[in-house]
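Asker: This one is model01.cif, mmCIF, C-alpha atoms.
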```cif
data_coords
loop_
_atom_site.label_atom_id
_atom_site.label_comp_id
_atom_site.auth_asym_id
_atom_site.auth_seq_id
_atom_site.Cartn_x
_atom_site.Cartn_y
_atom_site.Cartn_z
CA SER A 15 0.00 0.00 0.00
CA PRO A 16 1.44 3.45 -0.88
CA HIS A 17 0.10 4.90 2.39
CA PRO A 18 1.65 2.99 5.29
CA ASP A 19 -0.33 3.00 8.51
CA PRO A 20 1.60 5.24 10.94
CA ALA A 21 0.46 3.06 13.85
CA ARG A 22 2.29 0.09 12.30
CA ARG A 23 5.63 1.84 11.80
CA THR A 24 8.59 -0.31 12.76
CA HIS A 25 11.07 2.57 12.74
CA PRO A 26 10.92 6.05 14.19
CA VAL A 27 10.49 8.86 11.66
CA SER A 28 11.50 12.19 13.11
CA GLY A 29 9.50 15.29 12.32
CA ASP A 30 12.79 17.17 11.88
CA ALA A 31 13.94 14.66 9.24
CA ALA A 32 10.63 15.02 7.38
CA ARG A 33 10.80 18.83 7.52
CA ASP A 34 14.41 18.80 6.29
CA LEU A 35 13.56 16.51 3.38
CA ALA A 36 10.45 18.58 2.58
CA SER A 37 12.45 21.80 2.45
CA ARG A 38 15.19 20.32 0.22
CA PHE A 39 12.74 19.24 -2.47
CA ALA A 40 9.81 21.64 -1.83
CA LEU A 41 7.63 18.69 -0.76
CA CYS A 42 4.71 18.61 1.63
CA GLU A 43 5.59 16.98 4.95
CA ARG A 44 3.26 14.04 4.25
CA ALA A 45 5.23 13.16 1.09
CA ALA A 46 8.52 13.59 2.97
CA SER A 47 7.24 11.29 5.74
CA SER A 48 6.17 8.76 3.10
CA ALA A 49 9.68 8.81 1.61
CA LEU A 50 11.13 8.25 5.07
CA ASP A 51 8.65 5.40 5.66
CA ALA A 52 9.62 3.78 2.35
CA SER A 53 13.27 4.16 3.36
CA ARG A 54 12.71 2.67 6.84
CA GLY A 55 13.65 5.95 8.49
CA ASP A 56 16.97 6.38 6.65
CA ALA A 57 17.13 10.09 5.72
CA ALA A 58 19.97 9.61 3.20
CA LEU A 59 18.02 6.89 1.40
CA ALA A 60 14.80 8.94 1.52
CA HIS A 61 16.67 11.80 -0.17
CA LEU A 62 17.69 9.45 -2.99
CA VAL A 63 14.16 7.96 -3.23
CA VAL A 64 12.65 11.41 -3.82
CA GLY A 65 15.40 12.25 -6.30
CA ARG A 66 14.86 9.00 -8.21
CA ALA A 67 11.10 9.55 -8.29
CA LEU A 68 11.64 13.03 -9.75
CA ASP A 69 14.18 11.71 -12.27
CA LEU A 70 11.78 9.22 -13.87
CA PRO A 71 11.12 9.96 -17.54
CA PRO A 72 7.95 11.96 -18.22
CA VAL A 73 4.74 10.05 -18.87
CA CYS A 74 3.39 10.15 -22.42
CA ARG A 75 0.66 12.80 -22.64
CA HIS A 76 -1.09 10.86 -25.39
CA LEU A 77 -1.30 7.81 -23.13
CA LEU A 78 -2.97 9.99 -20.50
CA GLY A 79 -5.57 11.06 -23.06
CA ASP A 80 -7.08 8.60 -25.51
CA GLY A 81 -3.97 6.42 -25.75
CA CYS A 82 -0.63 6.44 -27.48
CA TYR A 83 -0.45 4.87 -30.90
CA ARG A 84 3.19 5.63 -31.66
CA SER A 85 5.47 2.63 -31.94
CA ASP A 86 8.50 4.89 -31.47
CA CYS A 87 7.23 6.82 -28.42
CA SER A 88 10.13 7.81 -26.16
CA PHE A 89 7.97 8.72 -23.16
CA SER A 90 7.07 6.44 -20.27
CA HIS A 91 3.90 4.37 -20.46
CA ASP A 92 4.15 3.30 -16.80
CA VAL A 93 1.63 5.59 -15.07
CA GLU A 94 1.32 3.40 -11.96
CA GLY A 95 5.08 3.58 -11.30
CA HIS A 96 5.18 7.38 -11.28
CA THR A 97 4.67 9.43 -8.15
CA CYS A 98 2.07 12.18 -8.53
CA THR A 99 3.93 15.50 -8.51
CA PHE A 100 0.82 17.26 -7.22
CA TRP A 101 0.71 14.84 -4.26
CA LEU A 102 4.40 15.57 -3.60
CA ARG A 103 3.43 19.22 -3.17
CA GLY A 104 0.35 18.35 -1.12
CA ARG A 105 -1.97 19.65 -3.84
CA CYS A 106 -3.54 16.63 -5.56
CA GLY A 107 -7.25 17.33 -5.55
CA LYS A 108 -8.18 13.85 -6.79
CA GLY A 109 -6.93 11.82 -3.86
CA ALA A 110 -5.31 8.39 -3.97
CA GLY A 111 -8.52 6.66 -5.07
CA ARG A 112 -9.07 8.72 -8.23
CA CYS A 113 -5.58 9.88 -9.21
CA ARG A 114 -3.91 7.82 -11.93
CA PHE A 115 -0.50 8.40 -10.37
CA LEU A 116 1.00 6.88 -7.24
CA HIS A 117 0.55 8.70 -3.94
CA GLY A 118 3.75 7.26 -2.54
CA PHE A 119 6.91 5.75 -3.96
CA ALA A 120 7.11 2.67 -6.18
CA PRO A 121 9.11 -0.22 -4.70
CA ARG A 122 11.38 -0.26 -7.77
CA VAL A 123 12.24 3.42 -7.13
CA VAL A 124 13.17 2.62 -3.54
CA GLU A 125 15.26 -0.39 -4.64
CA THR A 126 17.04 1.66 -7.32
CA ALA A 127 17.90 4.29 -4.70
CA ARG A 128 19.05 1.58 -2.28
CA THR A 129 21.57 0.31 -4.86
CA ASP A 130 22.76 3.80 -5.87
CA PRO A 131 26.60 3.88 -5.66
CA ALA A 132 26.51 7.09 -3.59
CA TYR A 133 24.22 5.44 -1.01
CA VAL A 134 26.09 2.13 -1.00
CA ALA A 135 29.47 3.88 -0.64
CA GLY A 136 28.13 5.96 2.23
CA SER A 137 26.78 2.90 4.06
CA ARG A 138 30.08 1.00 4.16
CA PRO A 139 32.80 1.55 6.76
CA ILE A 140 35.46 4.01 5.63
CA PRO A 141 38.38 1.92 4.29
CA THR A 142 40.99 4.57 4.97
CA GLY A 143 42.05 6.69 7.91
CA ASN A 144 41.88 9.82 5.75
CA LEU A 145 38.29 11.09 5.64
CA VAL A 146 39.05 13.78 3.03
CA THR A 147 40.50 11.20 0.63
CA HIS A 148 37.51 8.92 1.18
CA ASN A 149 34.96 11.70 0.57
CA MET A 150 36.72 12.81 -2.61
CA ALA A 151 36.70 9.22 -3.91
CA VAL A 152 32.97 8.83 -3.19
CA LEU A 153 32.16 12.13 -4.95
CA GLN A 154 34.36 11.32 -7.95
CA HIS A 155 32.71 7.91 -8.29
CA ALA A 156 29.23 9.45 -8.11
CA ILE A 157 30.07 12.20 -10.62
CA LEU A 158 31.77 9.83 -13.07
CA ASN A 159 28.85 7.41 -12.94
CA SER A 160 26.16 10.05 -13.35
CA THR A 161 24.35 9.67 -16.69
CA LYS A 162 22.02 12.66 -16.45
CA PRO A 163 22.83 16.12 -17.84
CA GLY A 164 23.72 18.29 -14.91
CA GLY A 165 25.60 15.42 -13.27
CA PHE A 166 25.48 14.40 -9.64
CA PHE A 167 24.72 17.95 -8.51
CA GLY A 168 22.05 18.64 -11.15
CA SER A 169 18.98 20.45 -9.94
CA ARG A 170 15.69 18.66 -9.58
CA SER A 171 12.41 20.42 -9.93
CA LEU A 172 8.86 19.29 -9.40
CA ASP A 173 7.93 21.31 -12.48
CA SER A 174 10.24 19.49 -14.90
CA GLY A 175 8.40 16.48 -16.25
CA GLY A 176 7.52 13.38 -14.28
CA GLY A 177 4.07 12.25 -13.29
CA GLY A 178 1.24 14.37 -12.14
CA ASP A 179 -2.46 14.40 -12.70
CA ALA A 180 -4.22 17.60 -11.69
#
```
Just dump the structure as structure tokens.
Answerer:
Amino acid sequence: SPHPDPARRTHPVSGDAARDLASRFALCERAASSALDASRGDAALAHLVVGRALDLPPVCRHLLGDGCYRSDCSFSHDVEGHTCTFWLRGRCGKGAGRCRFLHGFAPRVVETARTDPAYVAGSRPIPTGNLVTHNMAVLQHAILNSTKPGGFFGSRSLDSGGGGDA
């Protein structure tokens, strides 16, 4: 279920962590809490989950209408796997029952974030006594393996593509 029951949480989710995540991505606190829930309370992983959800390719607008009939369409046809950008802002007027997009984060988005080299590198013990050398190596690895224009530090915006059904 995309809306975990807060009474059944198995990990503490701090209000400060949700507010911090919300402010970094201009999310509503409910969406930030959902990212933290999906990440089992790990703020670093929640950050990557939101980033991955925003980085998904835009959904085909023809598919959202009558249907897409292009065999060479380069847009996503996976509506259910896209997080509603209006929900992320706290402004989806349709609600989870009527909105075609996910009011939460797809498990594959969470798993992709969990295997992100920047997250994996940060979760291992530091192999060297020199923290500066280690941090530079992690950043270089993340930058060299980034495939998106704008690189590792590229800006993410809720207004640039992705899912959303107003």
Asker: As an exercise, work out the distance from CA of Val73 in chain A to CA of Val93 in chain A in Å and give it to one decimal place.
Answerer: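 Separation between CA of Val73 in chain A and CA of Val93 in chain A: 6.6 Å.
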Asker: I'd like to see the residues matched by the PyMOL selection byres ((chain A and resi 121) around 12) on this file, and ideally I'd get them as a list of chain:residue names.
Answerer: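 Selected by the PyMOL selection byres ((chain A and resi 121) around 12) in this file: A:Ser15, A:Pro16, A:Ala49, A:Asp51, A:Ala52, A:Ser53, A:Val63, A:Arg66, A:Ala67, A:Glu94, A:Gly95, A:His96, A:Thr97, A:Leu116, A:Gly118, A:Phe119, A:Ala120, A:Arg122, A:Val123, A:Val124, A:Glu125, A:Thr126, A:Ala127, A:Arg128.
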Asker: For the residues selected in the previous step, produce a file with C-alpha atoms as a PDB file, keeping the file's coordinate frame.
Answerer:
```pdb
ATOM      1  CA  SER A  15       0.000   0.000   0.000  1.00  0.00           C
ATOM      2  CA  PRO A  16       1.440   3.450  -0.880  1.00  0.00           C
ATOM      3  CA  ALA A  49       9.680   8.810   1.610  1.00  0.00           C
ATOM      4  CA  ASP A  51       8.650   5.400   5.660  1.00  0.00           C
ATOM      5  CA  ALA A  52       9.620   3.780   2.350  1.00  0.00           C
ATOM      6  CA  SER A  53      13.270   4.160   3.360  1.00  0.00           C
ATOM      7  CA  VAL A  63      14.160   7.960  -3.230  1.00  0.00           C
ATOM      8  CA  ARG A  66      14.860   9.000  -8.210  1.00  0.00           C
ATOM      9  CA  ALA A  67      11.100   9.550  -8.290  1.00  0.00           C
ATOM     10  CA  GLU A  94       1.320   3.400 -11.960  1.00  0.00           C
ATOM     11  CA  GLY A  95       5.080   3.580 -11.300  1.00  0.00           C
ATOM     12  CA  HIS A  96       5.180   7.380 -11.280  1.00  0.00           C
ATOM     13  CA  THR A  97       4.670   9.430  -8.150  1.00  0.00           C
ATOM     14  CA  LEU A 116       1.000   6.880  -7.240  1.00  0.00           C
ATOM     15  CA  GLY A 118       3.750   7.260  -2.540  1.00  0.00           C
ATOM     16  CA  PHE A 119       6.910   5.750  -3.960  1.00  0.00           C
ATOM     17  CA  ALA A 120       7.110   2.670  -6.180  1.00  0.00           C
ATOM     18  CA  ARG A 122      11.380  -0.260  -7.770  1.00  0.00           C
ATOM     19  CA  VAL A 123      12.240   3.420  -7.130  1.00  0.00           C
ATOM     20  CA  VAL A 124      13.170   2.620  -3.540  1.00  0.00           C
ATOM     21  CA  GLU A 125      15.260  -0.390  -4.640  1.00  0.00           C
ATOM     22  CA  THR A 126      17.040   1.660  -7.320  1.00  0.00           C
ATOM     23  CA  ALA A 127      17.900   4.290  -4.700  1.00  0.00           C
ATOM     24  CA  ARG A 128      19.050   1.580  -2.280  1.00  0.00           C
TER      25      ARG A 128
END
```
Asker: Would you kindly return, as an MDAnalysis selection string, each protein, DNA or RNA residue with an atom no farther than 12 Å from any atom of His76 in chain A, considering all atoms listed in the file and excluding same-chain residues fewer than 2 positions away?
Answerer: chainID A and resid 72:74 78:84 87:91 93
Asker: Which residues, named as in the file, does the PyMOL selection byres ((chain A and resi 47) around 9) pick out? Answer as JSON, numbers by chain.
Answerer: {"A": [27, 28, 29, 31, 32, 33, 35, 36, 42, 43, 44, 45, 46, 48, 49, 50, 51, 52, 55, 60]}
Asker: Please identify all polymer residues within 9 Å of Gly65 in chain A, counting all atoms listed in the file, omitting same-chain residues fewer than 4 positions from it, and present them as a VMD selection string.
Answerer: chain A and resid 39 60 to 61 69 to 70 127 170
Asker: In Å, how far is it from CA of Tyr133 in chain A to CA of Leu102 in chain A?
Answerer: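 Rounded to one decimal, the two atoms are 22.4 Å apart.
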Asker: Work out how far apart CA of Arg103 in chain A and CA of Ala40 in chain A are and give it in Å to one decimal.
Answerer: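 For CA of Arg103 in chain A relative to CA of Ala40 in chain A, the distance reads 7.0 Å.
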Asker: Evaluate the PyMOL selection byres ((chain A and resi 105) around 12) and record the selected residues as a ChimeraX atom specification, following the chain and residue labels used in the document.
Answerer: /A:41-45,98-104,106-110,113,117,178-180
